[in-house]
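Chemist: Pasting a structure here, questions to come.
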Amino acid sequence: MDREVFQERFGMLGDSDAIRHVIDKIMQVSGTDITVLLEGESGVGKDVTARALHAMSNRKHNDLVIVNCGAIPEGIIESELFGHEKGSFTGAHESRKGYFEKADQGTIFLDEIGDTPKNVQVKLLRVLETGEFFRVGSSKVSTTDVRVIAATNQDLWQMVEEGSFREDLYYRLDTVKIKLPPLRERSEDIIPIFRKFVNEFSSKYDSVFRGFSDEARELLTSYRWPGNIRELRNVAEQLVVLEKSQYVDADTLRKYLKGRQREGIADNLPVISDPARQNFGEEYTPGGSTDQALIYRALMELQNDMSDLKKMLGRLIYTTFSGKEIRALPPAMQRSINPEDLGPQRSGEPSSSHDFSPTARFSEDDSLKMESQLKEEDEFSRFLSQEELPSIEETEKFLIQQALKKFEGNRRKASEVLGISERTLYRKLDQYDLT
Ligand SMILES: Nc1ncnc2c1ncn2[C@@H]1O[C@H](COP(=O)(O)OP(=O)(O)O)[C@@H](O)[C@H]1O
Ligand SMILES: [Mg+2]
């Protein structure tokens, strides 16, 4: 297969030397069983690459199992990866296959591998080296035949130096490393890729995009694109929908870039000539088409991140309320609890707490709990019924605050409930200025 065919087939656009180099490397290793480590910021195409590697391998007729190691609570990650035997912990009513068994004969994609707890890293090393592992609660060795692709947006070597990532596992994963460059390092790709996206969305929405002023085009290529191609794609979609048949100038474009900055305002936007416009930290004032753009953007981002948030919310509800209390919650909130996301069981909980039977009688203790649940529910609904739709960041911050409150500031427990690593929690506390 030549490069163009590959790009067409897997939707990996770009013509820069950097992306060509990456694609050549992907094609070199795709037919083999070799372990591949994908490095790159969020939105650069790690998922796309992993899927392409699998689809071009001899394993393509078997499963590609995708595991986001950063999204699984520490307490259940081992049983998620390696499975467990019946009775191995409270609530393990059935034995269950883990991801490594499900991926047998296929490929396992370990995304955000840097978030794996150290005790699990040892077990990963063993399965990578020998194909052997133990289900939780079993003393019998199991085997699996998987091709491993791992990805990270962190500097794994730095984590090795800090002691949070095992050196031996690092070397095992580092066999073939593919570094996916951020979009700003291949800025010649921005316009062509953008144009492709615009064409795609124009036909999807039956809309016409008129084009850019020179200044807007300049802004498009000099912007930092912290969200990389994912962000470029979102901006293209928004412009097609909201600036339909309009000629887009720099000011208009800036509305779609502004506010998408997560880490440091000044960092993400290029310096522009008009000094009056340089203050991008200005407060957003309601009114005008900015409103529409912001709401639309919030909805789009909400859609993208909804499932993660739903999982976080589900876990929080699940660990905060008893079975009866959960039954009393609004159906929409109950639906956010998906057993698949939760893993086996809250440790130490008798399984009777999962009795959702409506006839169960309330004790005094129950009504006290119910009262506090109602208070918390109130907080949730107050939060959700604010005049403006809360942003993903605000929602995330809110959930983090609730989790910390519930566990009286215990960060380990809070991060477990939220389904993020402690490391991520610390980063977010810092980001949101929470103590
Ligand atoms: N080279 C590329 N050309 C076109 N679209 C891309 C490219 N790389 C990534 N994308 C798109 O960008 C989005 C994010 O890609 P993804 O693989 O999920 O990134 P990551 O896993 O690194 O966060 C997806 O919609 C994907 O289809
Ligand atoms: Mg990804």
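Within each chain, counting starts at residue 1; across the structure tokens, chains are named A, B, ... in the order shown, with ligands numbered 1 upward in that order.
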If the limit is 6 Å from any atom of ligand 1, counting only C-alpha atoms and all ligand atoms, which residues qualify? Return them as a PDB file with all heavy atoms, in the first residue's frame.
Modeler:
ATOM      1  N   GLY A  11      -8.081   8.066   6.767  1.00  0.00           N
ATOM      2  CA  GLY A  11      -8.401   9.463   7.074  1.00  0.00           C
ATOM      3  C   GLY A  11      -7.288  10.179   7.816  1.00  0.00           C
ATOM      4  O   GLY A  11      -7.542  11.037   8.652  1.00  0.00           O
ATOM      5  N   MET A  12      -6.046   9.795   7.544  1.00  0.00           N
ATOM      6  CA  MET A  12      -4.922  10.522   8.151  1.00  0.00           C
ATOM      7  C   MET A  12      -4.402  11.524   7.150  1.00  0.00           C
ATOM      8  O   MET A  12      -3.579  11.201   6.298  1.00  0.00           O
ATOM      9  CB  MET A  12      -3.804   9.564   8.534  1.00  0.00           C
ATOM     10  CG  MET A  12      -4.079   8.804   9.798  1.00  0.00           C
ATOM     11  SD  MET A  12      -2.559   8.171  10.486  1.00  0.00           S
ATOM     12  CE  MET A  12      -2.131   9.437  11.634  1.00  0.00           C
ATOM     13  N   LEU A  13      -4.895  12.730   7.262  1.00  0.00           N
ATOM     14  CA  LEU A  13      -4.545  13.739   6.267  1.00  0.00           C
ATOM     15  C   LEU A  13      -3.224  14.415   6.619  1.00  0.00           C
ATOM     16  O   LEU A  13      -2.730  14.307   7.738  1.00  0.00           O
ATOM     17  CB  LEU A  13      -5.661  14.782   6.215  1.00  0.00           C
ATOM     18  CG  LEU A  13      -7.073  14.227   6.039  1.00  0.00           C
ATOM     19  CD1 LEU A  13      -8.098  15.340   6.133  1.00  0.00           C
ATOM     20  CD2 LEU A  13      -7.196  13.485   4.717  1.00  0.00           C
ATOM     21  N   GLY A  14      -2.700  15.133   5.624  1.00  0.00           N
ATOM     22  CA  GLY A  14      -1.481  15.899   5.857  1.00  0.00           C
ATOM     23  C   GLY A  14      -0.408  15.543   4.856  1.00  0.00           C
ATOM     24  O   GLY A  14      -0.335  14.401   4.393  1.00  0.00           O
ATOM     25  N   SER A  42      -2.981  15.313  23.194  1.00  0.00           N
ATOM     26  CA  SER A  42      -4.353  14.945  22.906  1.00  0.00           C
ATOM     27  C   SER A  42      -4.770  15.492  21.536  1.00  0.00           C
ATOM     28  O   SER A  42      -4.432  16.618  21.187  1.00  0.00           O
ATOM     29  CB  SER A  42      -5.222  15.542  24.008  1.00  0.00           C
ATOM     30  OG  SER A  42      -6.552  15.258  23.728  1.00  0.00           O
ATOM     31  N   GLY A  43      -5.462  14.667  20.763  1.00  0.00           N
ATOM     32  CA  GLY A  43      -6.006  15.130  19.491  1.00  0.00           C
ATOM     33  C   GLY A  43      -5.070  15.048  18.296  1.00  0.00           C
ATOM     34  O   GLY A  43      -5.399  15.532  17.219  1.00  0.00           O
ATOM     35  N   VAL A  44      -3.907  14.406  18.450  1.00  0.00           N
ATOM     36  CA  VAL A  44      -2.971  14.345  17.321  1.00  0.00           C
ATOM     37  C   VAL A  44      -3.191  13.135  16.420  1.00  0.00           C
ATOM     38  O   VAL A  44      -2.604  13.033  15.345  1.00  0.00           O
ATOM     39  CB  VAL A  44      -1.485  14.340  17.771  1.00  0.00           C
ATOM     40  CG1 VAL A  44      -1.092  15.686  18.330  1.00  0.00           C
ATOM     41  CG2 VAL A  44      -1.204  13.228  18.760  1.00  0.00           C
ATOM     42  N   GLY A  45      -4.009  12.179  16.886  1.00  0.00           N
ATOM     43  CA  GLY A  45      -4.282  11.026  16.037  1.00  0.00           C
ATOM     44  C   GLY A  45      -3.766   9.698  16.575  1.00  0.00           C
ATOM     45  O   GLY A  45      -3.521   8.767  15.804  1.00  0.00           O
ATOM     46  N   LYS A  46      -3.668   9.570  17.890  1.00  0.00           N
ATOM     47  CA  LYS A  46      -3.175   8.308  18.450  1.00  0.00           C
ATOM     48  C   LYS A  46      -4.198   7.187  18.253  1.00  0.00           C
ATOM     49  O   LYS A  46      -3.841   6.063  17.899  1.00  0.00           O
ATOM     50  CB  LYS A  46      -2.840   8.480  19.940  1.00  0.00           C
ATOM     51  CG  LYS A  46      -1.739   9.520  20.187  1.00  0.00           C
ATOM     52  CD  LYS A  46      -1.303   9.579  21.630  1.00  0.00           C
ATOM     53  CE  LYS A  46      -2.373  10.104  22.572  1.00  0.00           C
ATOM     54  NZ  LYS A  46      -2.770  11.502  22.321  1.00  0.00           N
ATOM     55  N   ASP A  47      -5.467   7.516  18.473  1.00  0.00           N
ATOM     56  CA  ASP A  47      -6.506   6.501  18.260  1.00  0.00           C
ATOM     57  C   ASP A  47      -6.563   6.051  16.801  1.00  0.00           C
ATOM     58  O   ASP A  47      -6.636   4.860  16.511  1.00  0.00           O
ATOM     59  CB  ASP A  47      -7.886   7.055  18.639  1.00  0.00           C
ATOM     60  CG  ASP A  47      -8.177   6.883  20.114  1.00  0.00           C
ATOM     61  OD1 ASP A  47      -7.467   7.501  20.930  1.00  0.00           O
ATOM     62  OD2 ASP A  47      -9.098   6.110  20.426  1.00  0.00           O
ATOM     63  N   VAL A  48      -6.539   7.028  15.917  1.00  0.00           N
ATOM     64  CA  VAL A  48      -6.583   6.717  14.491  1.00  0.00           C
ATOM     65  C   VAL A  48      -5.421   5.789  14.127  1.00  0.00           C
ATOM     66  O   VAL A  48      -5.588   4.808  13.405  1.00  0.00           O
ATOM     67  CB  VAL A  48      -6.476   8.017  13.649  1.00  0.00           C
ATOM     68  CG1 VAL A  48      -6.548   7.703  12.176  1.00  0.00           C
ATOM     69  CG2 VAL A  48      -7.570   8.980  14.021  1.00  0.00           C
ATOM     70  N   ILE A 229      -5.734  18.246  16.050  1.00  0.00           N
ATOM     71  CA  ILE A 229      -6.668  18.042  14.934  1.00  0.00           C
ATOM     72  C   ILE A 229      -8.110  17.934  15.411  1.00  0.00           C
ATOM     73  O   ILE A 229      -9.035  18.344  14.726  1.00  0.00           O
ATOM     74  CB  ILE A 229      -6.247  16.812  14.124  1.00  0.00           C
ATOM     75  CG1 ILE A 229      -4.815  17.041  13.633  1.00  0.00           C
ATOM     76  CG2 ILE A 229      -7.194  16.578  12.954  1.00  0.00           C
ATOM     77  CD1 ILE A 229      -4.342  16.140  12.576  1.00  0.00           C
ATOM     78  N   ARG A 230      -8.296  17.417  16.617  1.00  0.00           N
ATOM     79  CA  ARG A 230      -9.657  17.349  17.151  1.00  0.00           C
ATOM     80  C   ARG A 230     -10.263  18.756  17.207  1.00  0.00           C
ATOM     81  O   ARG A 230     -11.413  18.974  16.843  1.00  0.00           O
ATOM     82  CB  ARG A 230      -9.638  16.706  18.535  1.00  0.00           C
ATOM     83  CG  ARG A 230     -11.035  16.541  19.128  1.00  0.00           C
ATOM     84  CD  ARG A 230     -11.018  15.838  20.470  1.00  0.00           C
ATOM     85  NE  ARG A 230     -10.694  14.430  20.343  1.00  0.00           N
ATOM     86  CZ  ARG A 230      -9.630  13.864  20.872  1.00  0.00           C
ATOM     87  NH1 ARG A 230      -8.754  14.580  21.549  1.00  0.00           N
ATOM     88  NH2 ARG A 230      -9.409  12.571  20.717  1.00  0.00           N
TER      89      ARG A 230
END
Chemist: Could the residues that lie within 12 Å of ligand 2, counting only C-alpha atoms and all ligand atoms, be listed as a PyMOL selection string?
Modeler: chain A and resi 38-51+66-71+109-113+150-153+180+227-230
Chemist: Which residue out of A:Lys102, A:Val198, A:Ile77, A:Arg9 has the minimum interatomic distance to Ile420 of chain A when only C-alpha atoms are used?
Modeler: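 Closest candidate: A:Ile77.
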Chemist: So that I can see what lies close to Val235 of chain A, please list as an MDAnalysis selection string the residues with an atom at most 10 Å from it, counting only C-alpha atoms and leaving out residues fewer than 4 positions away in the same chain.
Modeler: chainID A and resid 194 197:198 229:231 239:241 253 256:257 297
Chemist: Keeping only N, CA, C and O atoms, write the selected residues to a file as a PDB file, in the first residue's frame.
Modeler:
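Full text of result_30.pdb as output:
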ATOM      1  N   PHE A 194      -7.863  21.590   7.081  1.00  0.00           N
ATOM      2  CA  PHE A 194      -9.051  22.386   7.373  1.00  0.00           C
ATOM      3  C   PHE A 194     -10.013  22.375   6.178  1.00  0.00           C
ATOM      4  O   PHE A 194     -11.217  22.197   6.323  1.00  0.00           O
ATOM      5  N   PHE A 197     -11.928  19.202   5.978  1.00  0.00           N
ATOM      6  CA  PHE A 197     -12.998  19.150   6.985  1.00  0.00           C
ATOM      7  C   PHE A 197     -14.176  20.014   6.547  1.00  0.00           C
ATOM      8  O   PHE A 197     -15.331  19.621   6.682  1.00  0.00           O
ATOM      9  N   VAL A 198     -13.857  21.199   6.043  1.00  0.00           N
ATOM     10  CA  VAL A 198     -14.923  22.104   5.614  1.00  0.00           C
ATOM     11  C   VAL A 198     -15.766  21.447   4.510  1.00  0.00           C
ATOM     12  O   VAL A 198     -16.996  21.489   4.545  1.00  0.00           O
ATOM     13  N   ILE A 229      -5.734  18.246  16.050  1.00  0.00           N
ATOM     14  CA  ILE A 229      -6.668  18.042  14.934  1.00  0.00           C
ATOM     15  C   ILE A 229      -8.110  17.934  15.411  1.00  0.00           C
ATOM     16  O   ILE A 229      -9.035  18.344  14.726  1.00  0.00           O
ATOM     17  N   ARG A 230      -8.296  17.417  16.617  1.00  0.00           N
ATOM     18  CA  ARG A 230      -9.657  17.349  17.151  1.00  0.00           C
ATOM     19  C   ARG A 230     -10.263  18.756  17.207  1.00  0.00           C
ATOM     20  O   ARG A 230     -11.413  18.974  16.843  1.00  0.00           O
ATOM     21  N   GLU A 231      -9.467  19.704  17.657  1.00  0.00           N
ATOM     22  CA  GLU A 231      -9.937  21.076  17.776  1.00  0.00           C
ATOM     23  C   GLU A 231     -10.156  21.707  16.397  1.00  0.00           C
ATOM     24  O   GLU A 231     -11.157  22.394  16.170  1.00  0.00           O
ATOM     25  N   LEU A 239     -17.760  26.606  12.128  1.00  0.00           N
ATOM     26  CA  LEU A 239     -17.778  27.660  11.112  1.00  0.00           C
ATOM     27  C   LEU A 239     -18.767  27.321  10.002  1.00  0.00           C
ATOM     28  O   LEU A 239     -19.519  28.178   9.540  1.00  0.00           O
ATOM     29  N   VAL A 240     -18.759  26.059   9.594  1.00  0.00           N
ATOM     30  CA  VAL A 240     -19.669  25.656   8.520  1.00  0.00           C
ATOM     31  C   VAL A 240     -21.129  25.861   8.952  1.00  0.00           C
ATOM     32  O   VAL A 240     -21.962  26.320   8.184  1.00  0.00           O
ATOM     33  N   VAL A 241     -21.398  25.536  10.207  1.00  0.00           N
ATOM     34  CA  VAL A 241     -22.782  25.639  10.663  1.00  0.00           C
ATOM     35  C   VAL A 241     -23.171  27.072  11.007  1.00  0.00           C
ATOM     36  O   VAL A 241     -24.235  27.548  10.632  1.00  0.00           O
ATOM     37  N   LEU A 253     -13.182  34.643  13.218  1.00  0.00           N
ATOM     38  CA  LEU A 253     -12.468  33.404  13.521  1.00  0.00           C
ATOM     39  C   LEU A 253     -12.010  33.380  14.978  1.00  0.00           C
ATOM     40  O   LEU A 253     -12.122  32.373  15.671  1.00  0.00           O
ATOM     41  N   TYR A 256     -14.010  31.842  17.631  1.00  0.00           N
ATOM     42  CA  TYR A 256     -14.051  30.385  17.725  1.00  0.00           C
ATOM     43  C   TYR A 256     -12.783  29.810  18.352  1.00  0.00           C
ATOM     44  O   TYR A 256     -12.757  28.664  18.758  1.00  0.00           O
ATOM     45  N   LEU A 257     -11.752  30.613  18.380  1.00  0.00           N
ATOM     46  CA  LEU A 257     -10.500  30.141  18.972  1.00  0.00           C
ATOM     47  C   LEU A 257     -10.409  30.585  20.423  1.00  0.00           C
ATOM     48  O   LEU A 257      -9.927  29.879  21.274  1.00  0.00           O
ATOM     49  N   ARG A 297     -20.771  25.805  20.761  1.00  0.00           N
ATOM     50  CA  ARG A 297     -19.496  25.183  21.110  1.00  0.00           C
ATOM     51  C   ARG A 297     -19.635  24.337  22.374  1.00  0.00           C
ATOM     52  O   ARG A 297     -19.162  23.216  22.460  1.00  0.00           O
TER      53      ARG A 297
END
Chemist: Please report, as a list in words, each residue of segment 62-144 of chain A to which DSSP assigns alpha helix (DSSP H) when run on this structure's backbone.
Modeler: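 Alpha helix (DSSP H) assignments inside segment 62-144 of chain A correspond to Glu74, Gly75, Ile76, Ile77, Glu78, Ser79, Glu80, Leu81, Phe82, Tyr99, Phe100, Glu101, Lys102, Lys118, Asn119, Val120, Gln121, Val122, Lys123, Leu124, Leu125, Arg126, Val127, Leu128, Glu129 and Thr130 of chain A.
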Chemist: Find, counting only C-alpha atoms, the residue in A:Tyr170, A:Phe398, A:Phe10, A:Trp157 that gets nearest to Gln121 of chain A.
Modeler: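 The shortest atom-to-atom distance to Gln121 of chain A comes from A:Tyr170.
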Chemist: Identify all residues of segment 57-195 of chain A in strand (DSSP E or B) (DSSP on the backbone) and supply them as JSON, numbers by chain.
Modeler: {"A": [64, 65, 66, 67, 68, 84, 96, 107, 108, 109, 110, 111, 132, 133, 134, 136, 141, 142, 143, 147, 148, 149, 150, 151, 152, 176, 177, 178, 179]}
Chemist: Please determine, counting only C-alpha atoms, which residue among A:Leu418, A:Ile26, A:Ile72, A:Ala103 has the shortest atom-to-atom distance to Pro117 of chain A.
Modeler: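 For Pro117 of chain A, the nearest of the given residues is A:Ile72.
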Chemist: Using only C-alpha atoms, find the one residue out of A:Ala52, A:Val29, A:Leu183, A:Val148 that sits nearest to Gln7 of chain A.
Modeler: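 Result for the nearest residue to Gln7 of chain A: A:Ala52.
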Chemist: Between atom CA of Glu101 of chain A and atom CA of Thr144 of chain A, measure the distance and give it in Å to one decimal.
Modeler: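 Interatomic distance here is 6.0 Å.
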Chemist: Atom CA of Ala92 of chain A and atom CA of Leu124 of chain A, how far apart in Å?
Modeler: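 The value is 22.3 Å.
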Chemist: Please provide the set of residues having any atom within 12 Å of Glu167 of chain A, restricted to only C-alpha atoms, with same-chain residues fewer than 3 positions apart removed, written as a list in words.
Modeler: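 So, after excluding close chain neighbours, the residues are Gly114, Lys118, Gln121, Val122, Leu125, Leu156, Trp157, Gln158, Met159, Val160, Glu161, Glu162, Gly163, Ser164, Tyr170, Tyr171, Arg172, Leu173 and Asp174 of chain A.
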